[in-house]
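Enquirer: Input my_file_1.json, format and content: JSON, C-alpha atoms.
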[["chain", "number", "residue", "atom", "x", "y", "z"],
["A", 224, "MET", "CA", 102.50, 42.72, 156.14],
["A", 225, "PHE", "CA", 103.18, 43.89, 152.57],
["A", 226, "ILE", "CA", 103.80, 41.04, 150.15],
["A", 227, "SER", "CA", 106.23, 42.43, 147.58],
["A", 228, "ASP", "CA", 107.19, 39.30, 145.67],
["A", 229, "LYS", "CA", 106.67, 35.56, 145.42],
["A", 230, "SER", "CA", 109.24, 34.78, 148.10],
["A", 231, "ASP", "CA", 107.42, 37.00, 150.60],
["A", 232, "LEU", "CA", 104.18, 35.23, 149.83],
["A", 233, "VAL", "CA", 105.80, 31.85, 150.38],
["A", 234, "THR", "CA", 107.20, 33.04, 153.70],
["A", 235, "PHE", "CA", 103.80, 34.34, 154.74],
["A", 236, "GLU", "CA", 102.14, 31.07, 153.81],
["A", 237, "CYS", "CA", 104.73, 29.09, 155.77],
["A", 238, "ARG", "CA", 104.21, 31.18, 158.88],
["A", 239, "LEU", "CA", 100.49, 30.56, 158.67],
["A", 240, "HIS", "CA", 101.11, 26.87, 158.22],
["A", 241, "PHE", "CA", 103.37, 26.46, 161.22],
["A", 242, "LYS", "CA", 100.94, 28.43, 163.35],
["A", 243, "HIS", "CA", 98.22, 25.92, 162.55],
["A", 244, "SER", "CA", 100.31, 22.79, 162.05],
["A", 245, "ASN", "CA", 98.74, 21.13, 165.06],
["A", 246, "LEU", "CA", 95.41, 21.11, 163.20],
["A", 247, "LEU", "CA", 96.14, 20.59, 159.51],
["A", 248, "ASP", "CA", 99.00, 19.59, 157.31],
["A", 249, "GLN", "CA", 100.31, 22.21, 154.89],
["A", 250, "LYS", "CA", 98.51, 20.94, 151.80],
["A", 251, "ASP", "CA", 95.10, 20.75, 153.46],
["A", 252, "TYR", "CA", 95.52, 24.15, 155.08],
["A", 253, "TYR", "CA", 96.33, 25.80, 151.77],
["A", 254, "ARG", "CA", 93.43, 24.11, 150.01],
["A", 255, "GLN", "CA", 90.91, 25.09, 152.67],
["A", 256, "ASN", "CA", 92.15, 28.68, 152.80],
["A", 257, "LYS", "CA", 92.72, 29.40, 149.12],
["A", 258, "ASN", "CA", 90.03, 32.09, 149.22],
["A", 259, "MET", "CA", 91.96, 33.90, 151.91],
["A", 260, "TYR", "CA", 95.13, 33.85, 149.80],
["A", 261, "SER", "CA", 93.19, 35.20, 146.84],
["A", 262, "PHE", "CA", 91.82, 38.01, 149.01],
["A", 263, "ILE", "CA", 95.31, 38.88, 150.25],
["A", 264, "LEU", "CA", 96.67, 39.11, 146.72],
["A", 265, "GLN", "CA", 93.74, 41.24, 145.53],
["A", 266, "THR", "CA", 94.22, 43.57, 148.49],
["A", 267, "VAL", "CA", 97.91, 43.98, 147.65],
["A", 268, "VAL", "CA", 97.05, 44.83, 144.05],
["A", 269, "CYS", "CA", 94.50, 47.43, 145.18],
["A", 270, "ILE", "CA", 96.97, 49.03, 147.59],
["A", 271, "SER", "CA", 99.65, 49.14, 144.92],
["A", 272, "VAL", "CA", 97.56, 51.40, 142.66],
["A", 273, "LEU", "CA", 96.73, 53.88, 145.41],
["A", 274, "HIS", "CA", 98.70, 57.08, 145.54],
["A", 275, "THR", "CA", 99.55, 58.92, 148.72],
["A", 276, "ALA", "CA", 99.24, 62.62, 148.02],
["A", 277, "GLN", "CA", 101.17, 65.19, 149.99],
["A", 278, "GLY", "CA", 98.93, 66.16, 152.88],
["A", 279, "ALA", "CA", 95.23, 65.89, 153.47],
["A", 280, "CYS", "CA", 92.40, 66.96, 151.18],
["A", 281, "LYS", "CA", 91.94, 70.66, 150.53],
["A", 282, "ALA", "CA", 88.62, 72.28, 151.38],
["A", 283, "PRO", "CA", 87.99, 74.93, 148.70],
["A", 284, "PRO", "CA", 84.71, 76.85, 148.76],
["A", 285, "PRO", "CA", 82.14, 76.11, 146.06],
["A", 286, "SER", "CA", 81.73, 78.61, 143.26],
["A", 287, "ALA", "CA", 79.95, 81.79, 144.25],
["A", 288, "ASN", "CA", 78.03, 81.45, 140.97],
["A", 289, "PHE", "CA", 76.79, 77.95, 141.73],
["A", 290, "THR", "CA", 73.17, 77.06, 141.13],
["A", 291, "MET", "CA", 71.80, 73.56, 140.68],
["A", 292, "LYS", "CA", 70.09, 74.68, 137.48],
["A", 293, "GLY", "CA", 73.37, 76.01, 136.11],
["A", 294, "TYR", "CA", 75.27, 72.82, 136.95],
["A", 295, "SER", "CA", 72.63, 70.34, 135.79],
["A", 296, "GLY", "CA", 72.84, 68.67, 132.41],
["A", 297, "MET", "CA", 75.53, 67.26, 130.17],
["A", 298, "TRP", "CA", 79.20, 68.16, 130.56],
["A", 299, "TYR", "CA", 82.11, 67.03, 128.40],
["A", 300, "GLU", "CA", 85.37, 66.41, 130.20],
["A", 301, "VAL", "CA", 88.10, 68.59, 128.73],
["A", 302, "GLY", "CA", 90.79, 67.08, 130.93],
["A", 303, "LYS", "CA", 91.82, 66.31, 134.46],
["A", 304, "VAL", "CA", 94.58, 66.26, 137.04],
["A", 305, "GLN", "CA", 94.31, 62.98, 138.92],
["A", 306, "THR", "CA", 96.19, 60.78, 141.37],
["A", 307, "ALA", "CA", 96.62, 57.09, 140.66],
["A", 308, "GLY", "CA", 93.76, 55.90, 142.87],
["A", 309, "GLY", "CA", 91.07, 57.59, 140.80],
["A", 310, "ALA", "CA", 92.92, 57.01, 137.55],
["A", 311, "TYR", "CA", 92.71, 53.25, 138.14],
["A", 312, "PHE", "CA", 89.00, 53.36, 137.30],
["A", 313, "GLU", "CA", 89.30, 55.90, 134.45],
["A", 314, "LYS", "CA", 92.66, 55.04, 132.92],
["A", 315, "ASP", "CA", 91.32, 53.80, 129.56],
["A", 316, "CYS", "CA", 88.55, 56.38, 129.12],
["A", 317, "VAL", "CA", 87.99, 58.62, 126.10],
["A", 318, "CYS", "CA", 84.85, 60.56, 125.12],
["A", 319, "THR", "CA", 84.13, 61.16, 128.81],
["A", 320, "THR", "CA", 80.92, 62.92, 129.85],
["A", 321, "ILE", "CA", 79.24, 63.75, 133.14],
["A", 322, "ASP", "CA", 75.45, 64.14, 133.21],
["A", 323, "VAL", "CA", 74.29, 65.85, 136.41],
["A", 324, "GLN", "CA", 70.65, 65.67, 137.43],
["A", 325, "PRO", "CA", 68.95, 66.81, 140.63],
["A", 326, "ILE", "CA", 66.77, 64.27, 142.43],
["A", 327, "ALA", "CA", 63.29, 65.72, 142.18],
["A", 328, "ALA", "CA", 62.02, 64.29, 145.46],
["A", 329, "SER", "CA", 65.01, 65.51, 147.46],
["A", 330, "THR", "CA", 64.65, 68.46, 149.81],
["A", 331, "THR", "CA", 68.36, 68.51, 150.68],
["A", 332, "GLY", "CA", 69.94, 69.09, 147.26],
["A", 333, "ASP", "CA", 70.75, 65.47, 146.41],
["A", 334, "ALA", "CA", 71.68, 64.75, 142.80],
["A", 335, "THR", "CA", 73.19, 62.11, 140.54],
["A", 336, "ALA", "CA", 76.26, 62.40, 138.32],
["A", 337, "VAL", "CA", 76.36, 59.79, 135.55],
["A", 338, "ASN", "CA", 79.96, 59.35, 134.41],
["A", 339, "SER", "CA", 80.24, 57.76, 130.96],
["A", 340, "CYS", "CA", 83.07, 57.05, 128.55],
["A", 341, "ARG", "CA", 84.35, 54.74, 125.84],
["A", 342, "LYS", "CA", 87.21, 52.36, 126.47],
["A", 343, "LEU", "CA", 90.39, 53.24, 124.57],
["A", 344, "SER", "CA", 88.69, 54.57, 121.41],
["A", 345, "PRO", "CA", 85.47, 56.32, 120.29],
["A", 346, "THR", "CA", 84.16, 52.94, 119.15],
["A", 347, "GLY", "CA", 85.29, 51.08, 122.24],
["A", 348, "GLN", "CA", 83.20, 49.52, 124.96],
["A", 349, "PHE", "CA", 80.72, 51.88, 126.61],
["A", 350, "LEU", "CA", 81.40, 52.31, 130.33],
["A", 351, "ASN", "CA", 79.44, 54.22, 132.92],
["A", 352, "ALA", "CA", 79.05, 54.65, 136.65],
["A", 353, "THR", "CA", 76.47, 56.69, 138.53],
["A", 354, "GLY", "CA", 77.68, 58.84, 141.39],
["A", 355, "SER", "CA", 75.28, 59.79, 144.17],
["A", 356, "LEU", "CA", 75.72, 63.37, 145.38],
["A", 357, "THR", "CA", 74.42, 63.53, 148.95],
["A", 358, "GLU", "CA", 75.04, 65.16, 152.34],
["A", 359, "GLN", "CA", 75.17, 68.62, 150.81],
["A", 360, "VAL", "CA", 76.97, 70.99, 153.16],
["A", 361, "THR", "CA", 76.29, 74.10, 151.12],
["A", 362, "PRO", "CA", 75.11, 74.46, 147.50],
["A", 363, "GLY", "CA", 77.81, 73.03, 145.25],
["A", 364, "LYS", "CA", 79.49, 70.87, 147.91],
["A", 365, "TRP", "CA", 78.50, 67.22, 148.47],
["A", 366, "LYS", "CA", 79.75, 63.77, 149.34],
["A", 367, "GLU", "CA", 79.90, 61.54, 146.27],
["A", 368, "GLY", "CA", 79.54, 57.78, 146.40],
["A", 369, "LEU", "CA", 80.29, 55.68, 143.32],
["A", 370, "PHE", "CA", 80.77, 52.14, 144.57],
["A", 371, "VAL", "CA", 79.64, 50.43, 147.77],
["A", 372, "PHE", "CA", 83.16, 49.27, 148.58],
["A", 373, "VAL", "CA", 84.80, 52.66, 147.98],
["A", 374, "PRO", "CA", 84.62, 55.43, 150.62],
["A", 375, "LYS", "CA", 82.72, 58.57, 149.66],
["A", 376, "VAL", "CA", 84.72, 61.55, 148.44],
["A", 377, "ASP", "CA", 84.35, 65.27, 149.04],
["A", 378, "TYR", "CA", 82.87, 66.70, 145.83],
["A", 379, "THR", "CA", 82.99, 70.45, 145.22],
["A", 380, "VAL", "CA", 82.11, 72.55, 142.18],
["A", 381, "ILE", "CA", 84.79, 75.20, 142.53],
["A", 382, "TYR", "CA", 84.03, 77.11, 139.32],
["A", 383, "LEU", "CA", 80.89, 77.48, 137.22],
["A", 384, "ASP", "CA", 79.76, 79.67, 134.34],
["A", 385, "ASP", "CA", 77.58, 79.10, 131.28],
["A", 386, "GLU", "CA", 80.29, 77.25, 129.37],
["A", 387, "PHE", "CA", 82.71, 75.72, 131.89],
["A", 388, "ALA", "CA", 82.84, 74.03, 135.26],
["A", 389, "ILE", "CA", 85.63, 72.77, 137.49],
["A", 390, "GLU", "CA", 84.93, 69.98, 139.95],
["A", 391, "TYR", "CA", 87.37, 68.96, 142.69],
["A", 392, "ASP", "CA", 86.97, 65.67, 144.53],
["A", 393, "CYS", "CA", 89.18, 64.23, 147.21],
["A", 394, "SER", "CA", 89.25, 61.48, 149.81],
["A", 395, "THR", "CA", 91.61, 60.31, 152.52],
["A", 396, "PHE", "CA", 91.52, 56.64, 153.50],
["A", 397, "LEU", "CA", 92.43, 55.72, 157.08],
["A", 398, "GLY", "CA", 94.19, 59.06, 157.40],
["A", 399, "LEU", "CA", 97.00, 57.76, 155.18],
["A", 400, "LEU", "CA", 96.04, 57.52, 151.52],
["A", 401, "THR", "CA", 94.85, 60.71, 149.84],
["A", 402, "ASN", "CA", 93.52, 60.76, 146.29],
["A", 403, "TYR", "CA", 92.23, 63.78, 144.44],
["A", 404, "CYS", "CA", 91.03, 64.84, 141.00],
["A", 405, "ILE", "CA", 90.48, 68.19, 139.33],
["A", 406, "HIS", "CA", 88.00, 67.84, 136.45],
["A", 407, "ILE", "CA", 87.70, 70.62, 133.89],
["A", 408, "MET", "CA", 84.43, 70.32, 131.97],
["A", 409, "ALA", "CA", 82.73, 72.19, 129.14],
["A", 410, "ARG", "CA", 79.27, 72.31, 127.62],
["A", 411, "HIS", "CA", 80.73, 71.35, 124.23],
["A", 412, "PRO", "CA", 83.19, 68.59, 123.22],
["A", 413, "THR", "CA", 85.77, 71.13, 122.06],
["A", 414, "ALA", "CA", 87.04, 73.98, 124.18],
["A", 415, "ASN", "CA", 89.21, 77.07, 123.80],
["A", 416, "GLN", "CA", 92.62, 76.00, 125.07],
["A", 417, "THR", "CA", 93.53, 79.46, 126.33],
["A", 418, "ARG", "CA", 90.43, 79.41, 128.51],
["A", 419, "VAL", "CA", 91.23, 75.88, 129.70],
["A", 420, "GLN", "CA", 94.70, 77.02, 130.77],
["A", 421, "GLN", "CA", 93.18, 79.94, 132.69],
["A", 422, "LEU", "CA", 90.87, 77.56, 134.55],
["A", 423, "LEU", "CA", 93.75, 75.22, 135.33],
["A", 424, "THR", "CA", 95.78, 78.14, 136.67],
["A", 425, "PHE", "CA", 92.85, 79.09, 138.89],
["A", 426, "ALA", "CA", 92.57, 75.60, 140.36],
["A", 427, "GLU", "CA", 96.30, 74.99, 140.74],
["A", 428, "GLY", "CA", 97.71, 78.45, 141.36],
["A", 429, "GLN", "CA", 94.99, 80.38, 143.14],
["A", 430, "LEU", "CA", 93.44, 77.49, 145.09],
["A", 431, "GLY", "CA", 96.53, 75.28, 145.35],
["A", 432, "LEU", "CA", 94.63, 72.05, 144.72],
["A", 433, "ASN", "CA", 97.29, 70.17, 142.76],
["A", 434, "THR", "CA", 99.41, 69.41, 145.80],
["A", 435, "ASP", "CA", 101.53, 66.81, 144.00],
["A", 436, "ASN", "CA", 102.13, 68.92, 140.87],
["A", 437, "LEU", "CA", 100.65, 66.19, 138.70],
["A", 438, "PRO", "CA", 100.37, 66.77, 134.94],
["A", 439, "PHE", "CA", 97.16, 67.86, 133.24],
["A", 440, "GLN", "CA", 95.71, 65.05, 131.14],
["A", 441, "PRO", "CA", 93.57, 66.18, 128.19],
["A", 442, "THR", "CA", 90.58, 63.97, 127.49],
["A", 443, "LYS", "CA", 90.18, 62.76, 123.93],
["A", 444, "GLN", "CA", 86.89, 64.00, 122.48],
["A", 445, "ASP", "CA", 87.83, 63.98, 118.77],
["A", 446, "GLY", "CA", 85.78, 61.53, 116.75],
["A", 447, "CYS", "CA", 83.40, 60.85, 119.61],
["A", 448, "TRP", "CA", 80.36, 62.82, 118.51]]
Output the structure of this file as structure tokens.
Expert:
Amino acid sequence: MFISDKSDLVTFECRLHFKHSNLLDQKDYYRQNKNMYSFILQTVVCISVLHTAQGACKAPPPSANFTMKGYSGMWYEVGKVQTAGGAYFEKDCVCTTIDVQPIAASTTGDATAVNSCRKLSPTGQFLNATGSLTEQVTPGKWKEGLFVFVPKVDYTVIYLDDEFAIEYDCSTFLGLLTNYCIHIMARHPTANQTRVQQLLTFAEGQLGLNTDNLPFQPTKQDGCW
């Protein structure tokens, strides 16, 4: 049941009450189950920020130029194309960086990707989350896990050279909710905009990854460094 407004919630609560009226009166039932109501409301909020993309995730090949050495190190996010599900966690970010490091003890290509940013302004709160890149299918293509409660996403480095990288990640939840992001990254905080447009055209036009025709969102890097 999707609870769209206060009246729906009241109706839902009443149905639960009548179902259990032989055990508890309405006031006691609500008091003893307030945690359940809180969970329901939080679930509705989470669902409301998810975006259902058109179709399932794409499966582009990793860059033919990919090497772990070439991808490792600090990247500055130039901008991204992102559905609402991923944007919920990154919506206030500026000065975004991704620091990729291989796990030395791994024999299967595992790595970490530390995502960092400032909230709202270059002097804002520092935020970061470490992604675990595991289950490598082929060099440049992993599963990424960020949070225990969030399903892993397909993570693919679709373009790589000495100065730029494009990373595409995508996940489909329960076969219904698809979220994707196309990250364009550079080795320096500023980037040639003509080159950025060429990379975006490659990801959107040649590979067809922006299935919802979402806008490109430049990442603020001015005043960050």
Enquirer: Point out the residue among A:Ser394, A:Asn433, A:His411, A:Ala334 with the least atom-to-atom distance to Cys318 of chain A, counting all atoms listed in the file.
Expert: A:His411
Enquirer: Show me the residues close to (90.6, 67.1, 151.7) - anything with an atom within 9 Å, counting only C-alpha atoms - and format the list as a list of chain:residue names.
Expert: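 Returned residue set, sorted by chain then number, is A:Gly278, A:Ala279, A:Cys280, A:Lys281, A:Ala282, A:Pro283, A:Val376, A:Asp377, A:Asp392, A:Cys393, A:Ser394, A:Thr395, A:Thr401, A:Asn402, A:Tyr403.
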Enquirer: Mind giving me the straight-line distance from atom CA of Leu343 of chain A to atom CA of Val317 of chain A in Å, one decimal?
Expert: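 Atom CA of Val317 of chain A lies 6.1 Å from atom CA of Leu343 of chain A.
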Enquirer: What residues have an atom no more than 12 Å from (90.4, 53.0, 132.0) in the file's own frame, counting only C-alpha atoms, and can you write them as an MDAnalysis selection string?
Expert: chainID A and resid 307:319 339:344 347:351 442
Enquirer: Quick one: everything within 10 Å of Asp384 of chain A, counting all atoms listed in the file, minus sequence neighbours fewer than 6 positions away in the same chain. Send it as a list of chain:residue names.
Expert: A:Ser286, A:Asn288, A:Phe289, A:Thr290, A:Gly293, A:Tyr294, A:Ala409, A:Arg410
Enquirer: To one decimal place, how far is atom CA of Gly302 of chain A from atom CA of Ile407 of chain A in Å?
Expert: 5.6 Å
Enquirer: Which one of A:Val371, A:Ala352, A:Met291, A:Val301 sits closest to Ala414 of chain A if you count all atoms listed in the file?
Expert: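 Among the listed residues, A:Val301 lies closest to Ala414 of chain A.
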Enquirer: Record the distance separating atom CA of Gly332 of chain A and atom CA of Leu356 of chain A, expressed in Å with one decimal.
Expert: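 Interatomic distance, atom CA of Gly332 of chain A to atom CA of Leu356 of chain A: 8.3 Å.
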Enquirer: Which residue, A:Gly428, A:Pro438, A:Pro412, A:Pro362, has the smallest gap to Met297 of chain A when you use all atoms listed in the file?
Expert: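 Closest to Met297 of chain A of all the choices is A:Pro412.
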Enquirer: Report, as JSON, the centre and edge lengths in Å (one decimal) of the axis-aligned box enclosing every listed atom of segment 291-309 of chain A, padded by 3 Å on each side.
Expert:
{"center_x": 83.4, "center_y": 66.0, "center_z": 135.6, "size_x": 32.5, "size_y": 26.1, "size_z": 20.5}
Enquirer: Env of Asp333 of chain A: 10 Å cut, atoms = all atoms listed in the file, seq-sep filter 3 positions within chain, self excluded. Answer as a PyMOL selection string.
Expert: chain A and resi 291+324-330+355-359+365-367
